[in-house]
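Raw contents of upload_2.txt, compact mmCIF, C-alpha atoms:
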# COMPACT_ATOMS: atom_id res chain seq x y z
CA MET A 1 59.11 1.56 -21.98
CA VAL A 2 58.98 -1.59 -19.90
CA ASP A 3 56.93 -4.63 -20.82
CA ALA A 4 53.17 -4.63 -20.38
CA ASP A 5 53.01 -6.55 -17.15
CA PRO A 6 50.35 -5.93 -14.49
CA LEU A 7 52.77 -3.87 -12.38
CA TRP A 8 53.49 -1.59 -15.33
CA VAL A 9 49.75 -1.19 -15.91
CA GLY A 10 49.32 -0.18 -12.26
CA ASP A 11 52.26 2.24 -12.40
CA LEU A 12 50.90 3.87 -15.54
CA GLN A 13 47.48 4.33 -13.98
CA THR A 14 49.12 5.84 -10.87
CA ALA A 15 51.17 8.23 -13.01
CA VAL A 16 48.09 9.47 -14.91
CA ARG A 17 46.23 9.91 -11.61
CA ALA A 18 49.20 11.85 -10.26
CA ASP A 19 49.23 14.03 -13.39
CA ARG A 20 45.60 14.89 -12.68
CA ARG A 21 46.47 15.78 -9.04
CA ALA A 22 43.33 13.80 -8.23
CA SER A 23 44.18 13.38 -4.53
CA SER A 24 45.90 16.64 -3.58
CA ILE A 25 43.31 19.01 -5.09
CA PRO A 26 40.36 17.83 -2.91
CA LEU A 27 42.65 17.92 0.15
CA PHE A 28 43.64 21.51 -0.65
CA ALA A 29 39.96 22.42 -1.16
CA ALA A 30 38.87 20.79 2.11
CA GLY A 31 41.74 22.43 3.99
CA ALA A 32 41.01 25.87 2.53
CA GLY A 33 37.30 25.47 3.32
CA ALA A 34 37.93 24.45 6.94
CA LEU A 35 40.49 27.22 7.50
CA THR A 36 38.06 29.79 6.06
CA VAL A 37 35.46 28.67 8.61
CA GLY A 38 38.04 28.87 11.41
CA PHE A 39 39.10 32.33 10.24
CA VAL A 40 35.51 33.64 10.04
CA ASN A 41 34.63 32.15 13.43
CA ALA A 42 37.76 33.55 15.07
CA GLY A 43 36.72 37.07 14.13
CA ASP A 44 33.01 36.67 14.74
CA SER A 45 32.06 35.34 18.15
CA ARG A 46 28.33 35.42 17.66
CA GLY A 47 25.66 35.04 14.98
CA GLY A 48 27.92 34.70 11.90
CA PRO A 49 27.30 32.33 9.00
CA PHE A 50 29.41 29.68 10.69
CA SER A 51 27.94 29.96 14.15
CA PRO A 52 26.86 26.47 15.31
CA PHE A 53 23.58 26.50 13.37
CA GLY A 54 24.35 29.23 10.82
CA TRP A 55 23.50 28.90 7.11
CA GLY A 56 27.17 28.77 6.09
CA TRP A 57 27.54 25.20 7.28
CA MET A 58 24.86 24.01 4.88
CA LEU A 59 26.83 25.30 1.90
CA LEU A 60 30.36 24.38 2.96
CA PRO A 61 30.52 20.79 1.60
CA MET A 62 29.00 21.82 -1.74
CA VAL A 63 31.42 24.74 -2.09
CA VAL A 64 34.44 22.58 -1.14
CA PHE A 65 33.70 19.77 -3.59
CA THR A 66 32.41 21.98 -6.42
CA THR A 67 35.66 23.94 -6.15
CA ALA A 68 37.71 20.73 -6.08
CA TRP A 69 35.90 19.39 -9.14
CA GLY A 70 36.31 22.70 -10.99
CA VAL A 71 40.05 22.83 -10.30
CA VAL A 72 40.51 19.17 -11.29
CA PHE A 73 38.57 19.89 -14.51
CA VAL A 74 40.60 22.97 -15.48
CA HIS A 75 43.93 21.38 -14.52
CA SER A 76 43.16 18.13 -16.38
CA ARG A 77 41.95 19.94 -19.49
CA ARG A 78 45.07 22.09 -19.57
CA LEU A 79 47.16 18.89 -19.48
CA GLY A 80 45.06 17.21 -22.16
CA LEU A 81 43.16 14.82 -19.95
CA GLY A 82 39.56 14.17 -18.99
CA THR A 83 38.36 14.32 -15.40
CA GLY A 84 38.35 10.56 -14.93
CA HIS A 85 35.82 8.62 -12.91
CA ASP A 86 36.37 10.08 -9.46
CA GLY A 87 32.63 10.24 -8.80
CA TYR A 88 32.30 14.00 -8.25
CA GLY A 89 28.94 14.08 -10.05
CA LEU A 90 27.56 11.30 -7.86
CA MET A 91 28.95 12.91 -4.72
CA LEU A 92 27.72 16.43 -5.53
CA GLY A 93 24.25 15.02 -6.26
CA GLY A 94 24.32 13.19 -2.95
CA LEU A 95 25.54 16.28 -1.11
CA ALA A 96 22.88 18.46 -2.70
CA THR A 97 20.26 16.00 -1.53
CA THR A 98 21.58 15.49 1.97
CA SER A 99 22.86 19.01 2.69
CA LEU A 100 20.24 21.17 1.08
CA LEU A 101 17.04 19.13 0.94
CA LEU A 102 17.37 17.26 4.22
CA PRO A 103 18.67 18.57 7.56
CA PHE A 104 21.49 16.01 7.38
CA THR A 105 24.22 18.58 8.04
CA LEU A 106 22.43 19.62 11.21
CA PHE A 107 23.19 16.27 12.80
CA VAL A 108 26.49 15.30 11.19
CA GLY A 109 27.97 18.78 10.89
CA ALA A 110 29.38 20.26 7.70
CA LEU A 111 32.92 19.17 8.57
CA GLY A 112 31.63 15.62 9.04
CA VAL A 113 29.98 15.81 5.61
CA VAL A 114 33.25 17.04 4.08
CA GLY A 115 34.93 14.07 5.79
CA ALA A 116 32.40 11.67 4.29
CA GLY A 117 33.10 13.20 0.86
CA LEU A 118 36.87 12.74 1.28
CA VAL A 119 36.37 9.12 2.38
CA PHE A 120 34.17 8.55 -0.69
CA LEU A 121 36.85 9.98 -3.00
CA GLY A 122 39.53 8.00 -1.16
CA MET A 123 37.63 4.78 -1.76
CA ARG A 124 37.09 5.59 -5.46
CA LEU A 125 40.74 6.51 -5.95
CA ARG A 126 42.06 3.87 -3.52
CA ASP A 127 44.00 6.61 -1.75
CA ALA A 128 44.79 6.15 1.95
CA SER A 129 45.64 9.83 2.54
CA LEU A 130 42.19 10.97 1.37
CA ARG A 131 40.56 8.30 3.51
CA GLY A 132 42.69 9.16 6.55
CA VAL A 133 42.02 12.91 6.40
CA GLY A 134 38.34 12.13 5.72
CA VAL A 135 38.14 10.01 8.86
CA ALA A 136 39.75 12.83 10.89
CA PHE A 137 37.11 15.26 9.54
CA LEU A 138 34.38 12.75 10.37
CA ILE A 139 35.53 12.14 13.94
CA LEU A 140 36.29 15.75 14.91
CA GLY A 141 33.45 17.26 12.86
CA VAL A 142 30.78 14.92 14.21
CA SER A 143 32.13 15.26 17.78
CA ASN A 144 31.91 19.04 17.56
CA ARG A 145 28.39 18.86 16.16
CA LEU A 146 27.29 16.45 18.92
CA TYR A 147 28.68 18.91 21.46
CA ASN A 148 26.65 21.71 19.79
CA LEU A 149 23.50 19.58 19.92
CA ALA A 150 24.14 18.65 23.56
CA GLN A 151 24.54 22.34 24.38
CA LEU A 152 21.31 23.09 22.53
CA VAL A 153 19.42 20.50 24.57
CA THR A 154 20.95 21.25 27.97
CA VAL A 155 21.49 25.01 28.12
CA GLY A 156 19.74 26.26 24.97
CA PHE A 157 21.25 27.93 21.92
CA ASP A 158 22.29 31.56 22.00
CA GLY A 159 24.12 31.70 18.66
CA ARG A 160 27.48 31.98 20.37
CA ILE A 161 30.49 30.38 18.72
CA THR A 162 32.14 27.98 21.13
CA TRP A 163 35.83 27.26 21.51
CA GLY A 164 35.33 24.01 19.58
CA ASP A 165 33.60 25.80 16.68
CA ALA A 166 36.72 27.88 16.14
CA VAL A 167 39.46 25.38 16.97
CA THR A 168 38.05 22.29 15.20
CA PRO A 169 38.06 23.93 11.73
CA TRP A 170 41.58 25.31 12.32
CA ALA A 171 42.84 21.87 13.34
CA LEU A 172 41.18 20.06 10.44
CA GLY A 173 42.19 22.74 7.95
CA SER A 174 45.82 22.48 9.06
CA ILE A 175 45.78 18.65 8.91
CA SER A 176 44.21 18.71 5.45
CA LEU A 177 46.60 21.31 4.03
CA ALA A 178 49.64 19.54 5.48
CA ALA A 179 48.44 16.26 3.93
CA ALA A 180 47.73 18.07 0.64
CA VAL A 181 51.29 19.39 0.43
CA LEU A 182 52.76 15.92 1.10
CA VAL A 183 50.42 14.27 -1.41
CA TRP A 184 51.11 16.96 -4.00
CA ARG A 185 54.87 16.34 -3.67
CA ARG A 186 54.28 12.59 -4.03
CA GLU A 187 52.12 13.19 -7.12
CA ARG A 188 54.79 15.40 -8.66
CA ARG A 189 57.35 12.63 -8.14
CA LEU A 190 55.04 9.90 -9.52
CA ALA A 191 54.06 11.98 -12.54
CA GLN A 192 57.66 12.22 -13.77
CA MET B 1 52.14 -26.89 -3.84
CA ARG B 2 50.96 -28.27 -7.17
CA HIS B 3 53.56 -28.37 -9.97
CA PRO B 4 52.85 -25.80 -12.76
CA ASP B 5 52.51 -28.60 -15.33
CA GLU B 6 49.76 -30.16 -13.26
CA ARG B 7 47.95 -26.87 -12.78
CA THR B 8 47.65 -26.19 -16.53
CA GLU B 9 45.61 -29.38 -16.74
CA LEU B 10 42.92 -27.64 -14.74
CA TYR B 11 42.23 -25.35 -17.70
CA ALA B 12 40.45 -26.53 -20.84
CA GLU B 13 42.79 -24.24 -22.78
CA PRO B 14 45.68 -22.06 -21.67
CA PRO B 15 44.58 -18.56 -20.51
CA THR B 16 46.91 -16.96 -23.08
CA VAL B 17 44.46 -18.06 -25.81
CA ALA B 18 42.07 -15.43 -24.47
CA LEU B 19 44.61 -12.61 -25.00
CA ASP B 20 43.58 -10.22 -27.76
CA ASP B 21 46.63 -9.12 -29.76
CA VAL B 22 45.03 -5.73 -30.43
CA VAL B 23 44.90 -5.00 -26.69
CA HIS B 24 47.83 -7.05 -25.42
CA GLN B 25 50.47 -5.13 -27.38
CA ARG B 26 52.15 -2.99 -24.72
CA THR B 27 51.71 0.44 -26.34
CA ARG B 28 48.05 -0.15 -27.14
CA LEU B 29 47.47 -1.53 -23.65
CA GLY B 30 49.08 1.64 -22.29
CA ILE B 31 46.79 3.84 -24.40
CA LEU B 32 43.73 2.00 -23.08
CA VAL B 33 44.91 2.22 -19.47
CA VAL B 34 45.42 6.00 -19.78
CA LEU B 35 41.97 6.41 -21.35
CA ALA B 36 40.38 4.20 -18.68
CA GLU B 37 41.90 6.32 -15.93
CA ALA B 38 41.29 9.78 -17.37
CA GLY B 39 38.07 9.20 -19.31
CA ARG B 40 39.64 10.86 -22.36
CA ALA B 41 43.06 12.12 -23.34
CA GLU B 42 44.59 14.39 -25.92
CA PHE B 43 46.97 13.04 -28.57
CA THR B 44 49.88 15.12 -27.25
CA TYR B 45 49.37 13.89 -23.68
CA LEU B 46 49.40 10.24 -24.80
CA LYS B 47 52.53 10.88 -26.83
CA ARG B 48 54.32 12.41 -23.83
CA ARG B 49 53.11 9.94 -21.20
CA LEU B 50 53.91 6.86 -23.31
CA HIS B 51 57.16 8.26 -24.78
CA LEU B 52 56.06 7.81 -28.38
CA SER B 53 56.63 9.63 -31.65
CA ASP B 54 53.69 11.11 -33.61
CA GLY B 55 53.90 8.36 -36.21
CA ASN B 56 54.18 5.53 -33.72
CA LEU B 57 51.21 6.74 -31.68
CA SER B 58 49.11 7.32 -34.81
CA ARG B 59 49.83 3.81 -36.02
CA HIS B 60 48.69 2.23 -32.73
CA LEU B 61 45.65 4.50 -32.50
CA ASP B 62 44.65 3.46 -36.03
CA VAL B 63 44.67 -0.18 -34.91
CA LEU B 64 42.52 0.60 -31.86
CA ILE B 65 40.10 2.79 -33.81
CA ARG B 66 39.72 0.16 -36.55
CA ALA B 67 39.00 -2.45 -33.85
CA GLY B 68 36.29 -0.16 -32.47
CA PHE B 69 38.02 0.23 -29.08
CA VAL B 70 38.82 3.94 -29.30
CA GLU B 71 37.15 6.92 -30.96
CA ALA B 72 38.71 10.25 -31.88
CA SER B 73 37.23 13.73 -31.99
CA LYS B 74 38.63 17.15 -32.92
CA ASP B 75 38.33 20.20 -30.72
CA SER B 76 39.36 23.52 -32.29
CA GLY B 77 38.58 25.68 -29.25
CA SER B 78 41.11 28.23 -27.95
CA GLY B 79 42.72 28.71 -31.34
CA ARG B 80 44.45 25.37 -31.84
CA SER B 81 43.15 22.05 -33.01
CA ARG B 82 43.34 19.25 -30.46
CA THR B 83 42.63 15.58 -31.05
CA TRP B 84 40.88 13.89 -28.15
CA LEU B 85 40.71 10.11 -27.78
CA ARG B 86 38.09 8.26 -25.82
CA MET B 87 37.62 4.55 -25.14
CA THR B 88 34.41 2.97 -26.46
CA ARG B 89 32.25 0.51 -24.57
CA ASN B 90 33.87 -2.33 -26.56
CA GLY B 91 37.27 -0.96 -25.61
CA LYS B 92 36.37 -1.03 -21.93
CA ALA B 93 35.18 -4.64 -22.24
CA ALA B 94 38.37 -5.61 -24.09
CA LEU B 95 40.57 -3.96 -21.44
CA ARG B 96 38.65 -5.69 -18.64
CA ALA B 97 39.08 -9.04 -20.40
CA GLU B 98 42.82 -8.41 -20.88
CA LEU B 99 43.31 -7.56 -17.20
CA ARG B 100 41.29 -10.63 -16.20
CA VAL B 101 43.59 -12.87 -18.27
CA MET B 102 46.67 -11.16 -16.80
CA ARG B 103 45.40 -11.82 -13.30
CA SER B 104 44.67 -15.47 -14.08
CA LEU B 105 48.15 -15.87 -15.57
CA LEU B 106 49.69 -14.40 -12.43
CA ALA B 107 47.69 -16.87 -10.38
CA ILE B 108 49.08 -19.94 -12.17
CA VAL B 109 52.61 -18.94 -13.17
CA ASP B 110 55.25 -19.99 -10.68
CA VAL B 111 58.73 -18.69 -11.48
CA GLY B 112 60.47 -20.26 -8.53
Structure re-expressed in structure tokens:
Amino acid sequence: MVDADPLWVGDLQTAVRADRRASSIPLFAAGAGALTVGFVNAGDSRGGPFSPFGWGWMLLPMVVFTTAWGVVFVHSRRLGLGTGHDGYGLMLGGLATTSLLLPFTLFVGALGVVGAGLVFLGMRLRDASLRGVGVAFLILGVSNRLYNLAQLVTVGFDGRITWGDAVTPWALGSISLAAAVLVWRRERRLAQ
Amino acid sequence: MRHPDERTELYAEPPTVALDDVVHQRTRLGILVVLAEAGRAEFTYLKRRLHLSDGNLSRHLDVLIRAGFVEASKDSGSGRSRTWLRMTRNGKAALRAELRVMRSLLAIVDVG
């Protein structure tokens, strides 16, 4: 083992974080969640849970981050580690408040909320890939939701799933999964 | 730039005086860093991550536990006994202090 200099301390912390797969797991969860929405919307052009104002959107961020936390917990415990201080408890509490108690998701969009969650985790873990994918979710998710709201105001809402409602989740899901694979490979290398 | 000899005069005492031998020793510092990152860790994980033998790790853990920086607990779930280690509040404070001293040393040392 090398001497206990600050760089070694940083490398050790990075290796433990990589062992926990702390960055790739939430990216996989966000990608899987977004692709599920895209898949459901592609086969259901009207009135489904993920139609522009369907109930499915309200639950998506909670499901994504509860799943991510659960997988991190099981994986870490199997390795012999705790779940660290990623802030999942704080984030899930915040999401429960904003997504379920307040109509926050209505204005930001569930994909935007998932993006905010990824940015939060990226800041806690000081991980640029989480922050970058989170910003992409925020920009595309909020844009799509603003389009939905504009449609609602100008032509009224008929429950129909627009092109953007199907394509945006596919695009974000693909970006997130691609980033997750790259980050997972980096974590595997760093954990050695 | 100020010469290193001049800069040490800025300090009432050298920053190294603030280093705690219990924490500064590289293996024990490694144990605390792992526990700070993961919240808690199992004995076998620490052994593997820090490339230590059972005896070597036990000896360093004894020092940290006696100093009140780490606490151990047994978990006999799923058929096998596991020893989990967790950093105490005093341990967190000691690690923070150690890292603070390291940073201040980096700020004044000039190796040309």
TODO: Name the residues in contact with Ala93 in chain B at a cut-off of 12 Å, using all atoms listed in the file, excluding same-chain residues fewer than 3 positions from it; report them as a VMD selection string.
DONE: chain B and resid 20 23 32 36 68 to 70 87 to 90 96 to 100
Can you check which parts of chain B lie within 10 Å of chain A? Per residue, the shortest pair of atoms and distance in Å to one decimal, counting only C-alpha atoms, sorted by chain and number, as CSV.
residue,atom,partner,partner_atom,distance
B:His24,CA,A:Ala4,CA,7.7
B:Gln25,CA,A:Ala4,CA,7.5
B:Arg26,CA,A:Ala4,CA,4.8
B:Thr27,CA,A:Ala4,CA,8.0
B:Arg28,CA,A:Ala4,CA,9.6
B:Leu29,CA,A:Ala4,CA,7.3
B:Gly30,CA,A:Val9,CA,7.0
B:Ile31,CA,A:Leu12,CA,9.8
B:Leu32,CA,A:Val9,CA,9.9
B:Val33,CA,A:Gln13,CA,6.4
B:Val34,CA,A:Gln13,CA,6.4
B:Leu35,CA,A:Gly84,CA,8.5
B:Ala36,CA,A:Gly84,CA,7.7
B:Glu37,CA,A:Gly84,CA,5.6
B:Ala38,CA,A:Gly84,CA,3.9
B:Gly39,CA,A:Gly84,CA,4.6
B:Arg40,CA,A:Gly82,CA,4.7
B:Ala41,CA,A:Leu81,CA,4.3
B:Glu42,CA,A:Gly80,CA,4.7
B:Phe43,CA,A:Gly80,CA,7.9
B:Thr44,CA,A:Gly80,CA,7.3
B:Tyr45,CA,A:Gly80,CA,5.6
B:Leu46,CA,A:Gly80,CA,8.6
B:Arg49,CA,A:Val16,CA,8.1
B:Leu50,CA,A:Met1,CA,7.5
B:His51,CA,A:Met1,CA,7.5
B:Leu52,CA,A:Met1,CA,9.5
B:Arg82,CA,A:Gly80,CA,8.7
B:Thr83,CA,A:Gly80,CA,9.4
B:Trp84,CA,A:Gly80,CA,8.0
B:Leu85,CA,A:Leu81,CA,9.5
B:Arg86,CA,A:Gly82,CA,9.2
B:Leu99,CA,A:Pro6,CA,7.7
B:Met102,CA,A:Pro6,CA,6.8
B:Arg103,CA,A:Pro6,CA,7.8
B:Leu106,CA,A:Pro6,CA,8.7
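In this model, the gap between CA of Asp127 in chain A and CA of Ala18 in chain A comes to 11.3 Å.
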- [ ] Pull the neighbourhood of (28.8, 18.9, 1.3) for me: all residues within 12 Å in file coordinates, counting all atoms listed in the file, as an NGL selection string.
- [x] :A and (29-30 or 33 or 56-68 or 88 or 90-106 or 108-118 or 120)
- [ ] Do a neighbour search on Val63 in chain B at 8 Å with all atoms listed in the file, toss out local chain neighbours closer than 4 positions, and write the hits as a ChimeraX atom specification.
- [x] /B:22,59,67
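With all atoms listed in the file as the basis for measurement, A:Phe107 is the residue among A:Phe28, A:Phe107, A:Trp55, A:Phe39 that approaches Ala150 in chain A most closely.
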